[in-house]
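One file, run13.txt, carrying compact mmCIF, C-alpha atoms:
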```txt
# COMPACT_ATOMS: atom_id res chain seq x y z
CA MET A 16 54.95 53.47 -72.12
CA SER A 17 56.67 52.55 -68.88
CA VAL A 18 57.87 55.19 -66.47
CA THR A 19 61.53 55.15 -67.40
CA THR A 20 63.51 58.25 -68.31
CA VAL A 21 62.64 59.40 -71.81
CA ILE A 22 64.86 61.41 -74.17
CA THR A 23 62.68 63.48 -76.51
CA ILE A 24 64.56 64.83 -79.53
CA CYS A 25 63.27 67.75 -81.57
CA SER A 26 62.88 66.62 -85.17
CA THR A 27 62.03 70.06 -86.55
CA CYS A 28 64.89 72.13 -85.07
CA ARG A 29 66.86 73.86 -87.83
CA PRO A 30 70.10 75.70 -87.00
CA GLU A 31 70.23 79.30 -88.19
CA GLY A 32 71.35 79.47 -91.80
CA ALA A 33 70.66 75.79 -92.56
CA LEU A 34 69.06 75.02 -95.90
CA GLU A 35 65.32 74.52 -95.81
CA ASP A 36 65.48 71.04 -97.32
CA ALA A 37 68.61 69.85 -95.50
CA GLU A 38 68.15 66.94 -93.09
CA ARG A 39 67.38 68.31 -89.65
CA PRO A 40 70.10 67.65 -87.06
CA GLY A 41 67.51 66.00 -84.82
CA ALA A 42 67.22 63.14 -87.32
CA ALA A 43 70.96 62.36 -87.11
CA LEU A 44 70.93 62.88 -83.33
CA GLY A 45 67.97 60.49 -83.05
CA ARG A 46 69.83 57.77 -84.94
CA ALA A 47 72.98 58.34 -82.84
CA VAL A 48 71.00 58.20 -79.58
CA ALA A 49 69.30 54.98 -80.73
CA ARG A 50 72.73 53.45 -81.47
CA ALA A 51 74.08 54.58 -78.08
CA LEU A 52 71.07 53.08 -76.30
CA ALA A 53 71.34 49.84 -78.28
CA ALA A 54 74.91 49.54 -76.99
CA CYS A 55 73.66 49.77 -73.38
CA GLY A 56 72.55 46.72 -71.44
CA PRO A 57 68.86 46.05 -70.72
CA GLU A 58 69.40 47.41 -67.20
CA VAL A 59 69.50 50.91 -68.72
CA GLU A 60 65.85 51.94 -68.68
CA VAL A 61 66.01 54.88 -71.04
CA GLN A 62 63.79 55.34 -74.07
CA ALA A 63 63.97 57.77 -76.98
CA ARG A 64 61.37 59.49 -79.13
CA ALA A 65 61.09 62.35 -81.54
CA ILE A 66 58.83 65.39 -81.30
CA ALA A 67 57.73 68.01 -83.77
CA CYS A 68 59.11 71.08 -81.93
CA LEU A 69 60.23 71.60 -78.34
CA SER A 70 59.74 75.39 -78.74
CA ALA A 71 63.46 75.98 -78.19
CA CYS A 72 64.05 76.81 -81.84
CA SER A 73 66.79 79.39 -81.33
CA ARG A 74 68.94 76.75 -79.60
CA ALA A 75 68.64 73.97 -82.21
CA CYS A 76 68.99 71.05 -81.89
CA SER A 77 67.30 70.54 -78.54
CA VAL A 78 66.26 67.54 -76.45
CA ALA A 79 64.19 67.01 -73.31
CA VAL A 80 65.03 64.46 -70.62
CA ALA A 81 62.01 63.61 -68.47
CA SER A 82 60.32 61.00 -66.30
CA PRO A 83 56.97 61.11 -64.46
CA GLY A 84 57.33 62.54 -60.96
CA LYS A 85 60.85 63.86 -61.60
CA PHE A 86 62.42 67.11 -62.77
CA SER A 87 62.62 67.42 -66.55
CA TYR A 88 65.47 69.14 -68.39
CA VAL A 89 65.78 70.79 -71.79
CA VAL A 90 69.26 70.92 -73.37
CA GLY A 91 70.09 72.78 -76.58
CA ASN A 92 72.84 73.47 -79.12
CA LEU A 93 73.28 69.74 -79.80
CA LEU A 94 74.61 67.76 -82.75
CA ALA A 95 74.71 64.02 -83.50
CA GLU A 96 78.17 63.85 -81.93
CA ASP A 97 76.59 64.76 -78.58
CA ALA A 98 74.53 61.55 -78.42
CA ASP A 99 76.81 59.92 -75.83
CA ALA A 100 76.58 62.99 -73.57
CA VAL A 101 72.79 63.04 -73.88
CA VAL A 102 72.53 59.32 -73.07
CA ALA A 103 74.96 59.63 -70.13
CA PHE A 104 72.84 62.45 -68.73
CA ALA A 105 69.64 60.43 -69.22
CA ILE A 106 71.19 57.44 -67.40
CA ALA A 107 72.16 59.75 -64.49
CA HIS A 108 68.61 61.17 -64.55
CA ALA A 109 67.12 57.66 -64.44
CA LYS A 110 69.36 56.73 -61.49
CA SER A 111 68.49 59.86 -59.50
CA ALA A 112 65.46 59.78 -57.23
CA ASP A 113 64.23 63.27 -58.13
CA GLY A 114 65.56 63.78 -61.66
CA VAL A 115 68.31 66.18 -60.53
CA PRO A 116 71.55 64.30 -61.23
CA PRO A 117 74.62 65.25 -59.18
CA TRP A 118 76.67 67.93 -61.00
CA ARG A 119 79.64 65.58 -61.46
CA GLU A 120 77.42 63.11 -63.35
CA ARG A 121 76.37 65.71 -65.92
CA PRO A 122 78.52 65.78 -69.06
CA GLU A 123 80.08 69.21 -69.70
CA LYS A 124 78.09 69.64 -72.92
CA VAL A 125 74.88 69.20 -70.92
CA ARG A 126 76.02 71.46 -68.06
CA LYS A 127 76.82 74.29 -70.45
CA ASN A 128 73.72 73.98 -72.63
CA THR A 129 70.92 73.36 -70.17
CA LEU A 130 68.10 75.70 -71.23
CA SER A 131 65.64 74.97 -68.43
CA ARG A 132 64.52 72.47 -65.85
CA VAL A 133 60.98 71.97 -64.53
CA PRO A 134 60.07 70.33 -61.21
CA PRO A 135 57.31 67.71 -61.24
CA ALA A 136 53.88 69.28 -60.76
CA ASP A 137 52.71 66.49 -58.46
CA ALA A 138 55.61 66.02 -56.06
CA ALA A 139 57.12 68.03 -53.23
CA HIS A 140 60.82 68.94 -53.38
CA ALA A 141 63.23 70.78 -51.10
CA LEU A 142 63.77 73.42 -53.82
CA VAL A 143 60.04 74.16 -54.13
CA THR A 144 57.87 76.32 -51.83
CA ALA A 145 54.09 76.75 -52.06
CA ILE A 146 52.72 80.26 -52.72
CA GLU A 147 49.41 80.78 -50.95
CA ARG A 148 46.62 81.85 -53.24
CA MET B 24 49.06 68.32 -54.05
CA SER B 25 46.22 67.75 -56.50
CA VAL B 26 46.86 67.36 -60.21
CA THR B 27 45.88 70.87 -61.24
CA THR B 28 48.03 73.10 -63.40
CA VAL B 29 50.90 74.53 -61.38
CA ILE B 30 52.77 77.78 -62.05
CA THR B 31 56.34 77.49 -60.73
CA ILE B 32 58.11 80.84 -60.42
CA CYS B 33 61.88 81.13 -60.22
CA SER B 34 62.79 82.92 -57.01
CA THR B 35 66.52 83.17 -57.75
CA CYS B 36 66.42 84.66 -61.28
CA ARG B 37 68.33 87.95 -61.43
CA PRO B 38 68.21 90.09 -64.58
CA GLU B 39 71.61 91.03 -66.02
CA GLY B 40 72.99 94.10 -64.26
CA ALA B 41 70.65 93.85 -61.26
CA LEU B 42 72.20 94.54 -57.87
CA GLU B 43 73.16 91.46 -55.89
CA ASP B 44 70.99 92.42 -52.88
CA ALA B 45 68.01 93.79 -54.83
CA GLU B 46 64.73 91.88 -54.45
CA ARG B 47 64.53 89.24 -57.16
CA PRO B 48 61.79 89.88 -59.71
CA GLY B 49 60.38 86.42 -59.00
CA ALA B 50 59.34 87.59 -55.54
CA ALA B 51 57.21 90.42 -56.93
CA LEU B 52 55.90 88.16 -59.71
CA GLY B 53 54.96 85.54 -57.11
CA ARG B 54 52.95 88.08 -55.12
CA ALA B 55 51.25 89.37 -58.29
CA VAL B 56 50.39 85.83 -59.42
CA ALA B 57 48.96 85.05 -55.96
CA ARG B 58 46.79 88.18 -56.19
CA ALA B 59 45.61 87.29 -59.70
CA LEU B 60 44.73 83.75 -58.58
CA ALA B 61 42.93 85.04 -55.48
CA ALA B 62 40.75 87.13 -57.82
CA CYS B 63 39.75 83.99 -59.73
CA GLY B 64 36.81 81.86 -58.70
CA PRO B 65 37.32 78.44 -57.05
CA GLU B 66 36.59 76.82 -60.42
CA VAL B 67 40.06 77.91 -61.53
CA GLU B 68 42.24 74.98 -60.49
CA VAL B 69 45.63 76.62 -60.76
CA GLN B 70 48.25 76.66 -58.02
CA ALA B 71 51.47 78.62 -57.62
CA ARG B 72 54.82 77.86 -56.04
CA ALA B 73 58.34 79.18 -56.02
CA ILE B 74 61.52 77.33 -56.92
CA ALA B 75 65.20 78.00 -56.36
CA CYS B 76 66.28 78.12 -60.04
CA LEU B 77 64.63 76.89 -63.23
CA SER B 78 68.04 76.87 -64.99
CA ALA B 79 66.85 79.52 -67.43
CA CYS B 80 68.99 82.20 -65.79
CA SER B 81 69.80 84.19 -68.95
CA ARG B 82 66.08 84.81 -69.49
CA ALA B 83 65.16 86.02 -65.98
CA CYS B 84 62.53 86.00 -64.62
CA SER B 85 61.20 82.65 -65.74
CA VAL B 86 58.23 80.48 -64.85
CA ALA B 87 57.13 76.92 -65.64
CA VAL B 88 53.51 75.90 -66.27
CA ALA B 89 52.97 72.18 -65.80
CA SER B 90 50.52 69.44 -64.87
CA PRO B 91 50.99 65.65 -64.61
CA GLY B 92 50.38 63.91 -67.93
CA LYS B 93 50.44 67.17 -69.94
CA PHE B 94 53.00 69.24 -71.81
CA SER B 95 54.92 71.66 -69.60
CA TYR B 96 56.07 75.10 -70.74
CA VAL B 97 58.86 77.44 -69.62
CA VAL B 98 58.37 81.15 -70.27
CA GLY B 99 61.04 83.80 -69.66
CA ASN B 100 61.75 87.55 -69.67
CA LEU B 101 58.90 88.17 -67.20
CA LEU B 102 58.16 90.93 -64.70
CA ALA B 103 55.47 91.33 -62.03
CA GLU B 104 53.31 93.18 -64.58
CA ASP B 105 53.09 89.94 -66.58
CA ALA B 106 51.21 88.09 -63.82
CA ASP B 107 47.85 88.31 -65.61
CA ALA B 108 49.36 86.89 -68.82
CA VAL B 109 50.97 84.02 -66.88
CA VAL B 110 47.71 83.21 -65.07
CA ALA B 111 45.67 83.42 -68.32
CA PHE B 112 48.09 80.99 -69.95
CA ALA B 113 47.90 78.65 -66.93
CA ILE B 114 44.09 78.69 -67.08
CA ALA B 115 44.21 77.82 -70.81
CA HIS B 116 46.73 75.05 -69.97
CA ALA B 117 44.40 73.68 -67.27
CA LYS B 118 41.45 73.69 -69.69
CA SER B 119 43.37 71.92 -72.45
CA ALA B 120 43.41 68.13 -72.49
CA ASP B 121 47.09 67.80 -73.41
CA GLY B 122 48.62 70.98 -72.02
CA VAL B 123 48.99 72.60 -75.45
CA PRO B 124 46.58 75.57 -75.37
CA PRO B 125 45.24 76.84 -78.71
CA TRP B 126 47.45 79.64 -80.07
CA ARG B 127 44.68 82.22 -79.73
CA GLU B 128 44.39 81.49 -75.99
CA ARG B 129 48.07 82.27 -75.37
CA PRO B 130 48.77 85.86 -74.33
CA GLU B 131 51.22 87.60 -76.67
CA LYS B 132 53.81 87.95 -73.89
CA VAL B 133 53.75 84.16 -73.46
CA ARG B 134 53.82 83.45 -77.21
CA LYS B 135 56.89 85.62 -77.69
CA ASN B 136 58.81 84.42 -74.64
CA THR B 137 58.25 80.67 -74.60
CA LEU B 138 61.67 79.12 -73.99
CA SER B 139 60.72 75.45 -74.26
CA ARG B 140 57.94 72.92 -73.94
CA VAL B 141 58.26 69.29 -72.87
CA PRO B 142 55.75 66.53 -73.67
CA PRO B 143 54.69 64.22 -70.82
CA ALA B 144 57.02 61.25 -70.49
CA ASP B 145 54.15 58.84 -69.79
CA ALA B 146 51.58 59.73 -72.44
CA ALA B 147 51.31 59.34 -76.20
CA HIS B 148 50.73 62.43 -78.35
CA ALA B 149 50.24 63.09 -82.05
CA LEU B 150 53.42 65.21 -82.07
CA VAL B 151 55.56 62.43 -80.58
CA THR B 152 57.04 59.38 -82.37
CA ALA B 153 58.91 56.51 -80.75
CA ILE B 154 62.55 55.90 -81.76
CA GLU B 155 63.40 52.18 -81.69
CA ARG B 156 66.39 51.33 -79.53
```
Please express what this file holds, its structure, as structure tokens.
Amino acid sequence: MSVTTVITICSTCRPEGALEDAERPGAALGRAVARALAACGPEVEVQARAIACLSACSRACSVAVASPGKFSYVVGNLLAEDADAVVAFAIAHAKSADGVPPWRERPEKVRKNTLSRVPPADAAHALVTAIER
Amino acid sequence: MSVTTVITICSTCRPEGALEDAERPGAALGRAVARALAACGPEVEVQARAIACLSACSRACSVAVASPGKFSYVVGNLLAEDADAVVAFAIAHAKSADGVPPWRERPEKVRKNTLSRVPPADAAHALVTAIER
């Protein structure tokens, strides 16, 4: 896999109260993200994949947006209709040097439902300070 | 920075209702984690650092446990007294090949307060499936 930005969609997330055997929203979101990416030109280096559980179950459906050496983000409370917002955020993430897109480039749905962000373990960043052991 | 497991502690997290000018719990947790790591032998390849915001503000205090090429985790609702649990989880993360420690090696505090996990963007994993664009 190349080192583009990757959208990872939880395929096991089940919103509270959903029927056990109902299709998981991550399946529909995955198809919608794939369609949104297919509509982008080849210059958009964003890939998608599914995962069995992002451990953000209470905020179903959730996705991660990540790239090696950059901040990763987890966003929750998503439905298939949010695919364009997720892809727009991933494109902004891919364009940013450090994986922290400017606030104005983050769709409102993403701004309001960001569950966490994690800095890269192997890169320095102005927001990060070493703690001496 | 070497590619050990890194504990990143939010230094800006403020529990609901805490006074604006009170010391943030991440400061005390950072000191406690540093003490716990200092008590470990040099074979424990775990580092600590602070960050200005992990974007998990409603679950203060939060930490990330990450390493290049492995799953990263975000854990919330922590206090300084949880330093040993955080360090034990980080040691299990460092020992694991993929960053997913066996359930029995995760302290209960970590099990019950895991907010999210993110697979590495640049590695395959049995839990992850590509979505064709």
Closest pair table for chain B residues within 8 Å of chain A, only C-alpha atoms, as CSV:
```
residue,atom,partner,partner_atom,distance
B:Met24,CA,A:Asp137,CA,6.0
B:Ser25,CA,A:Asp137,CA,6.9
B:Val26,CA,A:Asp137,CA,6.2
B:Thr28,CA,A:Ala136,CA,7.5
B:Val29,CA,A:Ala136,CA,6.1
B:Gly53,CA,A:Ile146,CA,7.2
B:Ala57,CA,A:Arg148,CA,4.8
B:Arg58,CA,A:Arg148,CA,7.0
B:Leu60,CA,A:Arg148,CA,6.0
B:Ala61,CA,A:Arg148,CA,5.4
B:Gln70,CA,A:Arg148,CA,7.2
B:Ala71,CA,A:Ile146,CA,5.3
B:Arg72,CA,A:Ala145,CA,4.2
B:Ala73,CA,A:Thr144,CA,5.1
B:Ile74,CA,A:Val143,CA,4.5
B:Ala75,CA,A:Leu142,CA,5.4
B:Leu77,CA,A:Arg132,CA,5.1
B:Ser78,CA,A:Ser131,CA,4.6
B:Ala79,CA,A:Ser131,CA,4.8
B:Ala87,CA,A:Val133,CA,6.4
B:Ala89,CA,A:Ala136,CA,5.9
B:Ser90,CA,A:Ala136,CA,5.3
B:Pro91,CA,A:Ala136,CA,6.0
B:Gly92,CA,A:Pro83,CA,8.0
B:Ser95,CA,A:Val133,CA,7.9
B:Val97,CA,A:Ser131,CA,7.3
B:Thr137,CA,A:Ser70,CA,6.9
B:Leu138,CA,A:Ala71,CA,5.5
B:Ser139,CA,A:Ser70,CA,4.6
B:Arg140,CA,A:Leu69,CA,5.1
B:Val141,CA,A:Leu69,CA,6.3
B:Pro143,CA,A:Pro83,CA,7.4
B:Ala144,CA,A:Ser82,CA,5.3
B:Asp145,CA,A:Met16,CA,5.9
B:Ala146,CA,A:Met16,CA,7.1
B:Leu150,CA,A:Ala67,CA,5.4
B:Val151,CA,A:Ile66,CA,4.5
B:Thr152,CA,A:Ala65,CA,5.1
B:Ala153,CA,A:Arg64,CA,4.2
B:Ile154,CA,A:Arg64,CA,4.6
B:Glu155,CA,A:Ala49,CA,6.6
B:Arg156,CA,A:Ala49,CA,4.8
```
Query raised in the report: Between CA of Ala83 (chain B) and CA of Leu52 (chain B), what is the distance, to one decimal in Å?
Result: 11.4 Å
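Of the listed residues (A:Pro116, A:Gly41, A:Gly32, A:Gly91), A:Pro116 comes nearest to Phe104 (chain A); the distances count only C-alpha atoms.
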**Report entry** Selected residue, from A:Ala42, A:Leu94, A:Ala107, A:Leu34, that lies nearest to Glu60 (chain A) when counting only C-alpha atoms
**Finding:** A:Ala107
Report task. Mind giving me the straight-line distance from CA of Ala51 (chain B) to CA of Glu39 (chain B) in Å, one decimal? Result ->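 Taking CA of Ala51 (chain B) as the start and CA of Glu39 (chain B) as the end point, the length is 17.0 Å.
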Query - Point-to-point distance from CA of Lys110 (chain A) to CA of Lys85 (chain A), Å rounded to tenths - result: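 Separation of CA of Lys110 (chain A) and CA of Lys85 (chain A): 11.1 Å.
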Requested in this report: Scan for residues within 10 Å of the point (76.7, 65.1, -80.8) in the coordinates of the file, using only C-alpha atoms, and reply as an NGL selection string.
Outcome: :A and (40 or 43-44 or 47-48 or 76 or 92-101 or 124)
